[in-house]
file entry_13.tsv (TSV, C-alpha atoms)
chain	number	residue	atom	x	y	z
X	1	MET	CA	4.03	1.39	15.36
X	2	LYS	CA	4.48	1.00	11.63
X	3	GLN	CA	4.16	-2.34	9.90
X	4	TYR	CA	5.47	-2.97	6.39
X	5	ILE	CA	4.32	-5.84	4.17
X	6	VAL	CA	7.18	-6.84	1.88
X	7	ASP	CA	7.32	-9.61	-0.73
X	8	ALA	CA	10.78	-11.21	-0.63
X	9	PHE	CA	12.72	-13.07	-3.33
X	10	THR	CA	10.80	-11.32	-6.10
X	11	ASP	CA	10.89	-8.03	-7.99
X	12	LYS	CA	7.11	-7.58	-8.15
X	13	PRO	CA	4.31	-7.52	-5.58
X	14	PHE	CA	2.03	-10.50	-4.98
X	15	SER	CA	4.73	-13.07	-5.69
X	16	GLY	CA	7.69	-14.36	-3.70
X	17	ASN	CA	7.20	-14.71	0.06
X	18	PRO	CA	5.33	-12.04	2.05
X	19	ALA	CA	6.59	-10.95	5.45
X	20	ALA	CA	5.33	-8.38	7.90
X	21	VAL	CA	8.04	-6.13	9.33
X	22	CYS	CA	7.34	-4.17	12.53
X	23	VAL	CA	9.77	-1.44	13.54
X	24	MET	CA	9.43	-0.52	17.22
X	25	GLU	CA	11.06	1.73	19.82
X	26	SER	CA	10.92	-0.96	22.52
X	27	TRP	CA	9.91	-4.58	22.92
X	28	PRO	CA	6.31	-5.56	23.63
X	29	SER	CA	5.65	-8.83	25.42
X	30	GLU	CA	6.25	-12.12	23.61
X	31	GLU	CA	2.53	-12.81	23.99
X	32	SER	CA	1.73	-9.59	22.11
X	33	MET	CA	4.19	-10.39	19.32
X	34	MET	CA	2.73	-13.87	19.04
X	35	LYS	CA	-0.79	-12.47	18.82
X	36	LEU	CA	0.18	-10.05	16.05
X	37	ALA	CA	1.91	-12.84	14.13
X	38	MET	CA	-1.28	-14.88	14.39
X	39	GLU	CA	-3.35	-11.85	13.30
X	40	ASN	CA	-1.14	-11.31	10.25
X	41	ASN	CA	-1.30	-15.04	9.43
X	42	LEU	CA	1.80	-14.79	7.25
X	43	SER	CA	4.59	-17.34	7.44
X	44	GLU	CA	6.69	-14.74	9.31
X	45	THR	CA	6.27	-11.48	11.17
X	46	ALA	CA	9.57	-9.75	11.95
X	47	PHE	CA	10.04	-7.43	14.92
X	48	ILE	CA	12.90	-4.91	14.99
X	49	VAL	CA	14.17	-2.67	17.78
X	50	LYS	CA	17.27	-0.48	17.45
X	51	GLU	CA	19.38	-1.04	20.56
X	52	LYS	CA	22.82	0.23	21.62
X	53	GLN	CA	24.65	-2.53	19.74
X	54	GLY	CA	22.48	-2.12	16.62
X	55	TYR	CA	19.29	-3.57	15.22
X	56	HIS	CA	17.83	-6.54	17.10
X	57	LEU	CA	15.62	-8.76	14.94
X	58	ARG	CA	13.20	-11.51	16.02
X	59	TRP	CA	10.98	-13.71	13.85
X	60	PHE	CA	7.57	-15.20	14.68
X	61	THR	CA	5.44	-17.62	12.69
X	62	PRO	CA	1.72	-17.88	13.57
X	63	GLY	CA	2.77	-20.75	15.85
X	64	THR	CA	6.13	-19.94	17.43
X	65	GLU	CA	9.30	-17.85	17.50
X	66	VAL	CA	11.99	-19.25	15.20
X	67	GLU	CA	15.77	-19.03	15.29
X	68	LEU	CA	16.32	-18.20	11.60
X	69	CYS	CA	14.20	-16.90	8.73
X	70	GLY	CA	15.63	-15.88	5.39
X	71	HIS	CA	12.77	-14.11	3.66
X	72	ALA	CA	11.84	-12.03	6.72
X	73	THR	CA	15.51	-11.05	7.11
X	74	LEU	CA	15.54	-9.90	3.49
X	75	ALA	CA	12.27	-8.01	4.05
X	76	SER	CA	13.60	-6.42	7.26
X	77	SER	CA	16.81	-5.31	5.54
X	78	PHE	CA	14.78	-3.87	2.67
X	79	VAL	CA	12.76	-1.78	5.15
X	80	ILE	CA	15.80	-0.60	7.15
X	81	LEU	CA	17.94	0.27	4.13
X	82	ASN	CA	15.13	2.06	2.28
X	83	TYR	CA	13.19	3.80	5.07
X	84	TYR	CA	15.46	4.08	8.14
X	85	GLU	CA	19.07	4.03	6.89
X	86	PRO	CA	18.75	4.99	3.19
X	87	GLU	CA	22.30	6.37	3.10
X	88	SER	CA	23.71	2.96	4.02
X	89	ASN	CA	24.13	-0.20	1.95
X	90	VAL	CA	24.91	-2.59	4.83
X	91	VAL	CA	22.96	-3.54	7.95
X	92	ARG	CA	23.94	-5.86	10.80
X	93	LEU	CA	21.13	-7.65	12.58
X	94	HIS	CA	21.46	-9.25	16.01
X	95	THR	CA	19.37	-12.45	16.10
X	96	LEU	CA	19.01	-15.85	17.76
X	97	SER	CA	21.34	-17.14	15.00
X	98	GLY	CA	24.02	-14.59	15.82
X	99	VAL	CA	24.87	-11.43	13.90
X	100	LEU	CA	23.58	-11.51	10.32
X	101	THR	CA	25.02	-9.05	7.82
X	102	VAL	CA	22.95	-7.97	4.81
X	103	GLU	CA	24.45	-5.94	1.97
X	104	ARG	CA	22.54	-4.11	-0.77
X	105	GLU	CA	24.02	-4.77	-4.22
X	106	GLY	CA	21.90	-2.98	-6.80
X	107	ALA	CA	18.43	-4.53	-6.67
X	108	LEU	CA	19.67	-7.53	-4.67
X	109	TYR	CA	20.00	-7.91	-0.90
X	110	LYS	CA	22.80	-10.34	-0.03
X	111	MET	CA	22.45	-12.12	3.31
X	112	ASP	CA	25.30	-13.87	5.11
X	113	PHE	CA	23.84	-16.97	6.77
X	114	PRO	CA	25.13	-20.03	8.63
X	115	THR	CA	24.98	-23.49	7.12
X	116	TYR	CA	24.02	-26.68	8.95
X	117	LYS	CA	25.79	-30.00	8.98
X	118	LEU	CA	23.81	-32.40	6.82
X	119	LYS	CA	23.69	-36.11	7.50
X	120	GLU	CA	22.13	-38.69	5.22
X	121	ILE	CA	19.29	-40.65	6.83
X	122	PRO	CA	17.31	-43.63	5.54
X	123	VAL	CA	14.37	-42.99	3.24
X	124	THR	CA	11.28	-44.35	4.99
X	125	ASP	CA	7.77	-45.40	4.08
X	126	GLU	CA	6.57	-42.57	6.32
X	127	MET	CA	8.37	-40.03	4.09
X	128	GLU	CA	6.77	-41.55	0.99
X	129	GLN	CA	3.34	-41.44	2.59
X	130	ALA	CA	3.82	-37.83	3.73
X	131	PHE	CA	5.00	-36.48	0.36
X	132	GLY	CA	2.98	-38.83	-1.82
X	133	VAL	CA	6.14	-39.75	-3.75
X	134	ARG	CA	9.10	-41.81	-2.59
X	135	PRO	CA	12.30	-39.75	-2.28
X	136	LEU	CA	15.52	-40.95	-3.83
X	137	LYS	CA	17.49	-39.71	-0.82
X	138	ALA	CA	17.01	-37.85	2.46
X	139	VAL	CA	19.38	-35.61	4.42
X	140	LEU	CA	18.79	-33.94	7.76
X	141	GLY	CA	20.12	-30.68	9.19
X	142	LEU	CA	17.92	-28.18	10.97
X	143	ASP	CA	15.30	-29.28	8.42
X	144	LEU	CA	14.58	-32.43	6.46
X	145	VAL	CA	15.58	-32.28	2.80
X	146	CYS	CA	14.19	-35.02	0.57
X	147	ILE	CA	15.58	-35.36	-2.94
X	148	PHE	CA	13.24	-36.47	-5.71
X	149	GLU	CA	13.81	-37.79	-9.21
X	150	THR	CA	12.12	-35.04	-11.23
X	151	GLU	CA	11.16	-31.38	-11.04
X	152	LYS	CA	7.62	-32.41	-12.06
X	153	GLN	CA	7.25	-34.55	-8.93
X	154	VAL	CA	8.21	-31.61	-6.72
X	155	ARG	CA	5.93	-29.14	-8.50
X	156	GLU	CA	2.87	-31.40	-8.51
X	157	MET	CA	3.06	-33.10	-5.10
X	158	VAL	CA	0.25	-32.59	-2.60
X	159	PRO	CA	1.73	-33.61	0.77
X	160	ASP	CA	-0.31	-34.92	3.67
X	161	GLN	CA	0.15	-32.24	6.33
X	162	ALA	CA	-0.77	-34.56	9.21
X	163	LYS	CA	1.84	-37.09	8.09
X	164	LEU	CA	4.50	-34.39	7.60
X	165	LEU	CA	4.10	-33.62	11.30
X	166	LYS	CA	5.35	-37.11	12.14
X	167	ILE	CA	8.61	-37.11	10.16
X	168	GLU	CA	11.96	-35.48	10.89
X	169	GLY	CA	12.92	-31.82	10.66
X	170	ARG	CA	11.70	-28.38	11.61
X	171	LEU	CA	10.63	-28.00	7.97
X	172	GLN	CA	10.11	-30.77	5.44
X	173	ASN	CA	11.61	-29.79	2.08
X	174	ALA	CA	11.25	-31.44	-1.31
X	175	THR	CA	13.85	-30.73	-3.98
X	176	ALA	CA	15.02	-31.95	-7.39
X	177	ALA	CA	17.42	-30.85	-10.10
X	178	GLY	CA	15.89	-28.03	-12.17
X	179	LYS	CA	15.62	-27.30	-15.87
X	180	ASP	CA	15.81	-23.50	-15.80
X	181	ALA	CA	17.55	-23.30	-12.41
X	182	ASP	CA	20.10	-25.52	-10.70
X	183	CYS	CA	17.41	-26.85	-8.39
X	184	VAL	CA	13.72	-26.48	-7.60
X	185	SER	CA	12.21	-26.95	-4.18
X	186	ARG	CA	9.16	-26.60	-1.98
X	187	SER	CA	9.12	-26.12	1.79
X	188	PHE	CA	6.41	-27.34	4.16
X	189	GLY	CA	6.13	-26.32	7.81
X	190	PRO	CA	3.10	-27.79	9.61
X	191	LYS	CA	5.16	-27.97	12.82
X	192	LEU	CA	5.38	-24.16	12.65
X	193	ALA	CA	1.72	-23.71	11.67
X	194	VAL	CA	2.83	-22.91	8.08
X	195	PRO	CA	1.44	-25.50	5.61
X	196	GLU	CA	3.76	-24.28	2.83
X	197	ASP	CA	6.35	-21.52	2.96
X	198	PRO	CA	6.22	-19.80	-0.47
X	199	VAL	CA	9.97	-19.05	-0.60
X	200	CYS	CA	12.15	-20.17	2.30
X	201	GLY	CA	15.62	-18.65	2.69
X	202	SER	CA	16.67	-20.64	5.78
X	203	ALA	CA	15.78	-23.92	4.06
X	204	HIS	CA	18.19	-23.02	1.28
X	205	CYS	CA	21.04	-22.85	3.77
X	206	GLN	CA	20.67	-26.61	3.48
X	207	ILE	CA	19.14	-27.13	0.01
X	208	ALA	CA	21.77	-25.02	-1.79
X	209	ASP	CA	24.53	-26.58	0.31
X	210	TYR	CA	23.37	-30.04	-0.77
X	211	TRP	CA	23.18	-29.16	-4.48
X	212	SER	CA	26.52	-27.35	-4.35
X	213	GLY	CA	28.13	-30.62	-3.31
X	214	VAL	CA	26.23	-32.70	-5.87
X	215	LEU	CA	26.80	-30.32	-8.80
X	216	GLY	CA	30.30	-29.23	-7.80
X	217	LYS	CA	29.30	-25.57	-8.06
X	218	GLN	CA	29.98	-22.77	-5.58
X	219	LYS	CA	27.04	-20.70	-6.88
X	220	ILE	CA	23.54	-22.17	-7.00
X	221	HIS	CA	20.51	-20.56	-8.65
X	222	ALA	CA	17.51	-22.00	-6.80
X	223	TYR	CA	13.85	-21.65	-7.67
X	224	GLN	CA	11.13	-22.23	-5.07
X	225	ALA	CA	8.26	-23.77	-7.02
X	226	SER	CA	5.33	-22.73	-4.84
X	227	LYS	CA	2.27	-21.06	-6.36
X	228	ARG	CA	3.84	-17.65	-5.72
X	229	GLY	CA	7.36	-18.70	-6.73
X	230	GLY	CA	10.68	-17.02	-6.06
X	231	HIS	CA	14.36	-16.97	-7.04
X	232	LEU	CA	17.28	-17.35	-4.62
X	233	TYR	CA	20.89	-16.75	-5.66
X	234	CYS	CA	23.11	-18.76	-3.34
X	235	GLU	CA	26.88	-18.82	-2.97
X	236	MET	CA	28.87	-21.11	-0.70
X	237	LEU	CA	31.51	-19.06	1.12
X	238	ASP	CA	35.02	-20.14	2.08
X	239	ASN	CA	34.28	-19.72	5.80
X	240	GLY	CA	31.60	-22.41	5.76
X	241	ARG	CA	28.73	-19.94	5.57
X	242	ILE	CA	26.38	-19.17	2.70
X	243	ALA	CA	25.37	-15.94	0.96
X	244	ILE	CA	21.75	-15.87	-0.20
X	245	SER	CA	20.62	-12.98	-2.38
X	246	GLY	CA	17.21	-11.91	-3.57
X	247	GLU	CA	15.06	-8.95	-4.50
X	248	ALA	CA	12.12	-7.47	-2.60
X	249	ALA	CA	8.97	-5.46	-3.33
X	250	LEU	CA	6.92	-3.27	-1.00
X	251	VAL	CA	3.21	-4.10	-0.87
X	252	ALA	CA	1.83	-1.98	1.99
X	253	VAL	CA	2.63	0.26	4.95
X	254	SER	CA	0.18	0.32	7.83
X	255	GLU	CA	-0.08	1.61	11.37
X	256	ILE	CA	-0.83	-0.81	14.20
X	257	MET	CA	-3.58	0.71	16.30
X	258	ALA	CA	-4.08	-2.10	18.83
X	259	LYS	CA	-2.12	-1.80	22.07
X	260	LEU	CA	0.70	-4.33	22.27
call {"tool": "encode", "arguments": {"input": "entry_13.tsv", "output": "structure tokens"}}
result
Amino acid sequence: MKQYIVDAFTDKPFSGNPAAVCVMESWPSEESMMKLAMENNLSETAFIVKEKQGYHLRWFTPGTEVELCGHATLASSFVILNYYEPESNVVRLHTLSGVLTVEREGALYKMDFPTYKLKEIPVTDEMEQAFGVRPLKAVLGLDLVCIFETEKQVREMVPDQAKLLKIEGRLQNATAAGKDADCVSRSFGPKLAVPEDPVCGSAHCQIADYWSGVLGKQKIHAYQASKRGGHLYCEMLDNGRIAISGEAALVAVSEIMAKL
């Protein structure tokens, strides 16, 4: 079984968000996939099997299987379209979030994702204690999105991971208006055994949706301000979904020798 390490939402290795992509002929047990995800210790390991209806994609963090992951979808599409279906520019992936279509447009891979209904919730002392800074506003979808006053606050915050575990959301995201991009953000996932996700595509199904409404713009250029950093080009679609585009860079190809 081959495993590819791909950095997503970047055009150069050792930046963006790394994902492991495993292309298999048949499914191993969930326990085996979980063990490999823990061994890789990346925010996501993607597993792909080509079935009758097309490619079936599943995502695992070191802690659990998840229903949607943007950067590992981008990485998986990069692998399929460059090494398995190089004559094609479109791939359809069957996932827990339905069928996801990814289209190659030059150096970019454009993903068609769902959005989530966002509801405003009260800002609490627990949020302030978890992030170390009091948010101006908080909205909740699949994840918690807390809006802060300045980009500097988002870039410099050192959240308390134990306290993040106790507040709302699958992920806990911090965002603010950006200077060189429409918005900057950081994504924390202690509930998924991921202290900080370097560049999170699924979080931007909510972050970009929020800033699109605030800024009155259909297209949002988002920058994830982690140490690795990454750019996401987001467009709100007329059907209530979102297109998220980014680049990808291959870091390594390996062969899994352990029996799964």
call {"tool": "residues_around", "arguments": {"input": "entry_13.tsv", "residues": "Gly230 in chain X", "least_positions_apart": "3", "cutoff": "7 Å", "atoms": "all atoms listed in the file", "output": "ChimeraX atom specification"}}
result
/X:9-10,16,199,223-224
call {"tool": "closest_residue", "arguments": {"input": "entry_13.tsv", "among": "X:Ala176, X:Leu136, X:Ile207, X:Val214", "to": "Tyr233 in chain X", "atoms": "all atoms listed in the file"}}
result
X:Ile207
call {"tool": "residues_around", "arguments": {"input": "entry_13.tsv", "residues": "Leu81 in chain X", "least_positions_apart": "5", "cutoff": "9 Å", "atoms": "all atoms listed in the file", "output": "mmCIF file with C-alpha atoms, keeping the file's coordinate frame"}}
result
data_model
loop_
_atom_site.group_PDB
_atom_site.id
_atom_site.type_symbol
_atom_site.label_atom_id
_atom_site.label_comp_id
_atom_site.auth_asym_id
_atom_site.auth_seq_id
_atom_site.Cartn_x
_atom_site.Cartn_y
_atom_site.Cartn_z
ATOM 1 C CA SER X 76 13.600 -6.420 7.260
ATOM 2 C CA PRO X 86 18.750 4.990 3.190
ATOM 3 C CA GLU X 87 22.300 6.370 3.100
ATOM 4 C CA SER X 88 23.710 2.960 4.020
ATOM 5 C CA ASN X 89 24.130 -0.200 1.950
ATOM 6 C CA VAL X 90 24.910 -2.590 4.830
ATOM 7 C CA VAL X 91 22.960 -3.540 7.950
ATOM 8 C CA ARG X 104 22.540 -4.110 -0.770
#
call {"tool": "atom_distance", "arguments": {"input": "entry_13.tsv", "atom1": "CA of Glu156 in chain X", "atom2": "CA of Asp180 in chain X"}}
result
16.8 Å
call {"tool": "closest_residue", "arguments": {"input": "entry_13.tsv", "among": "X:Arg186, X:His94, X:Lys117, X:Lys179", "to": "Val158 in chain X", "atoms": "all atoms listed in the file"}}
result
X:Arg186
call {"tool": "residues_around", "arguments": {"input": "entry_13.tsv", "residues": "Val21 in chain X", "least_positions_apart": "5", "cutoff": "9 Å", "atoms": "only C-alpha atoms", "output": "ChimeraX atom specification"}}
result
/X:2-6,44-48,72,75-76,79
call {"tool": "atom_distance", "arguments": {"input": "entry_13.tsv", "atom1": "CA of Lys166 in chain X", "atom2": "CA of Glu128 in chain X"}}
result
12.1 Å
call {"tool": "closest_residue", "arguments": {"input": "entry_13.tsv", "among": "X:Met111, X:Ala258, X:Ala249, X:Leu215", "to": "Asn17 in chain X", "atoms": "all atoms listed in the file"}}
result
X:Ala249
call {"tool": "build_atoms", "arguments": {"input": "entry_13.tsv", "residues": "range 29-61 of chain X", "atoms": "N, CA and C atoms", "output": "compact mmCIF listing (two decimals), in the frame of the given file"}}
result
# COMPACT_ATOMS: atom_id res chain seq x y z
N SER X 29 5.53 -7.48 24.86
CA SER X 29 5.65 -8.83 25.42
C SER X 29 5.68 -9.87 24.30
N GLU X 30 6.26 -11.04 24.59
CA GLU X 30 6.25 -12.12 23.61
C GLU X 30 4.83 -12.52 23.26
N GLU X 31 3.94 -12.47 24.25
CA GLU X 31 2.53 -12.81 23.99
C GLU X 31 1.93 -11.85 22.96
N SER X 32 2.26 -10.58 23.06
CA SER X 32 1.73 -9.59 22.11
C SER X 32 2.30 -9.82 20.71
N MET X 33 3.59 -10.13 20.62
CA MET X 33 4.19 -10.39 19.32
C MET X 33 3.59 -11.64 18.70
N MET X 34 3.34 -12.64 19.53
CA MET X 34 2.73 -13.87 19.04
C MET X 34 1.32 -13.61 18.52
N LYS X 35 0.57 -12.78 19.24
CA LYS X 35 -0.79 -12.47 18.82
C LYS X 35 -0.80 -11.72 17.49
N LEU X 36 0.14 -10.78 17.31
CA LEU X 36 0.18 -10.05 16.05
C LEU X 36 0.59 -10.97 14.90
N ALA X 37 1.52 -11.88 15.16
CA ALA X 37 1.91 -12.84 14.13
C ALA X 37 0.72 -13.71 13.72
N MET X 38 -0.08 -14.11 14.69
CA MET X 38 -1.28 -14.88 14.39
C MET X 38 -2.29 -14.04 13.63
N GLU X 39 -2.42 -12.75 13.99
CA GLU X 39 -3.35 -11.85 13.30
C GLU X 39 -2.93 -11.66 11.85
N ASN X 40 -1.63 -11.49 11.62
CA ASN X 40 -1.14 -11.31 10.25
C ASN X 40 -1.33 -12.58 9.43
N ASN X 41 -1.14 -13.73 10.08
CA ASN X 41 -1.30 -15.04 9.43
C ASN X 41 -0.41 -15.19 8.20
N LEU X 42 0.77 -14.58 8.25
CA LEU X 42 1.80 -14.79 7.25
C LEU X 42 2.80 -15.79 7.81
N SER X 43 3.63 -16.35 6.94
CA SER X 43 4.59 -17.34 7.44
C SER X 43 5.54 -16.72 8.46
N GLU X 44 5.82 -15.40 8.33
CA GLU X 44 6.69 -14.74 9.31
C GLU X 44 6.26 -13.30 9.55
N THR X 45 6.32 -12.88 10.80
CA THR X 45 6.27 -11.48 11.17
C THR X 45 7.58 -11.16 11.88
N ALA X 46 8.28 -10.14 11.38
CA ALA X 46 9.57 -9.75 11.95
C ALA X 46 9.40 -8.53 12.84
N PHE X 47 10.08 -8.54 13.98
CA PHE X 47 10.04 -7.43 14.92
C PHE X 47 11.46 -6.88 15.09
N ILE X 48 11.59 -5.55 14.96
CA ILE X 48 12.90 -4.91 14.99
C ILE X 48 12.91 -3.79 16.02
N VAL X 49 13.93 -3.78 16.86
CA VAL X 49 14.17 -2.67 17.78
C VAL X 49 15.64 -2.26 17.64
N LYS X 50 15.89 -0.95 17.51
CA LYS X 50 17.27 -0.48 17.45
C LYS X 50 17.78 -0.30 18.86
N GLU X 51 18.80 -1.09 19.23
CA GLU X 51 19.38 -1.04 20.56
C GLU X 51 20.79 -0.45 20.48
N LYS X 52 21.49 -0.39 21.60
CA LYS X 52 22.82 0.23 21.62
C LYS X 52 23.78 -0.45 20.65
N GLN X 53 23.71 -1.80 20.58
CA GLN X 53 24.65 -2.53 19.74
C GLN X 53 24.20 -2.59 18.28
N GLY X 54 22.99 -2.09 17.98
CA GLY X 54 22.48 -2.12 16.62
C GLY X 54 21.06 -2.66 16.58
N TYR X 55 20.65 -3.07 15.40
CA TYR X 55 19.29 -3.57 15.22
C TYR X 55 19.16 -5.01 15.74
N HIS X 56 18.15 -5.22 16.56
CA HIS X 56 17.83 -6.54 17.10
C HIS X 56 16.59 -7.04 16.38
N LEU X 57 16.69 -8.20 15.78
CA LEU X 57 15.62 -8.76 14.94
C LEU X 57 15.14 -10.09 15.52
N ARG X 58 13.81 -10.25 15.61
CA ARG X 58 13.20 -11.51 16.02
C ARG X 58 12.13 -11.89 15.01
N TRP X 59 11.93 -13.21 14.83
CA TRP X 59 10.98 -13.71 13.85
C TRP X 59 9.92 -14.59 14.53
N PHE X 60 8.67 -14.39 14.15
CA PHE X 60 7.57 -15.20 14.68
C PHE X 60 6.72 -15.73 13.52
N THR X 61 6.47 -17.04 13.54
CA THR X 61 5.44 -17.62 12.69
C THR X 61 4.10 -17.49 13.43
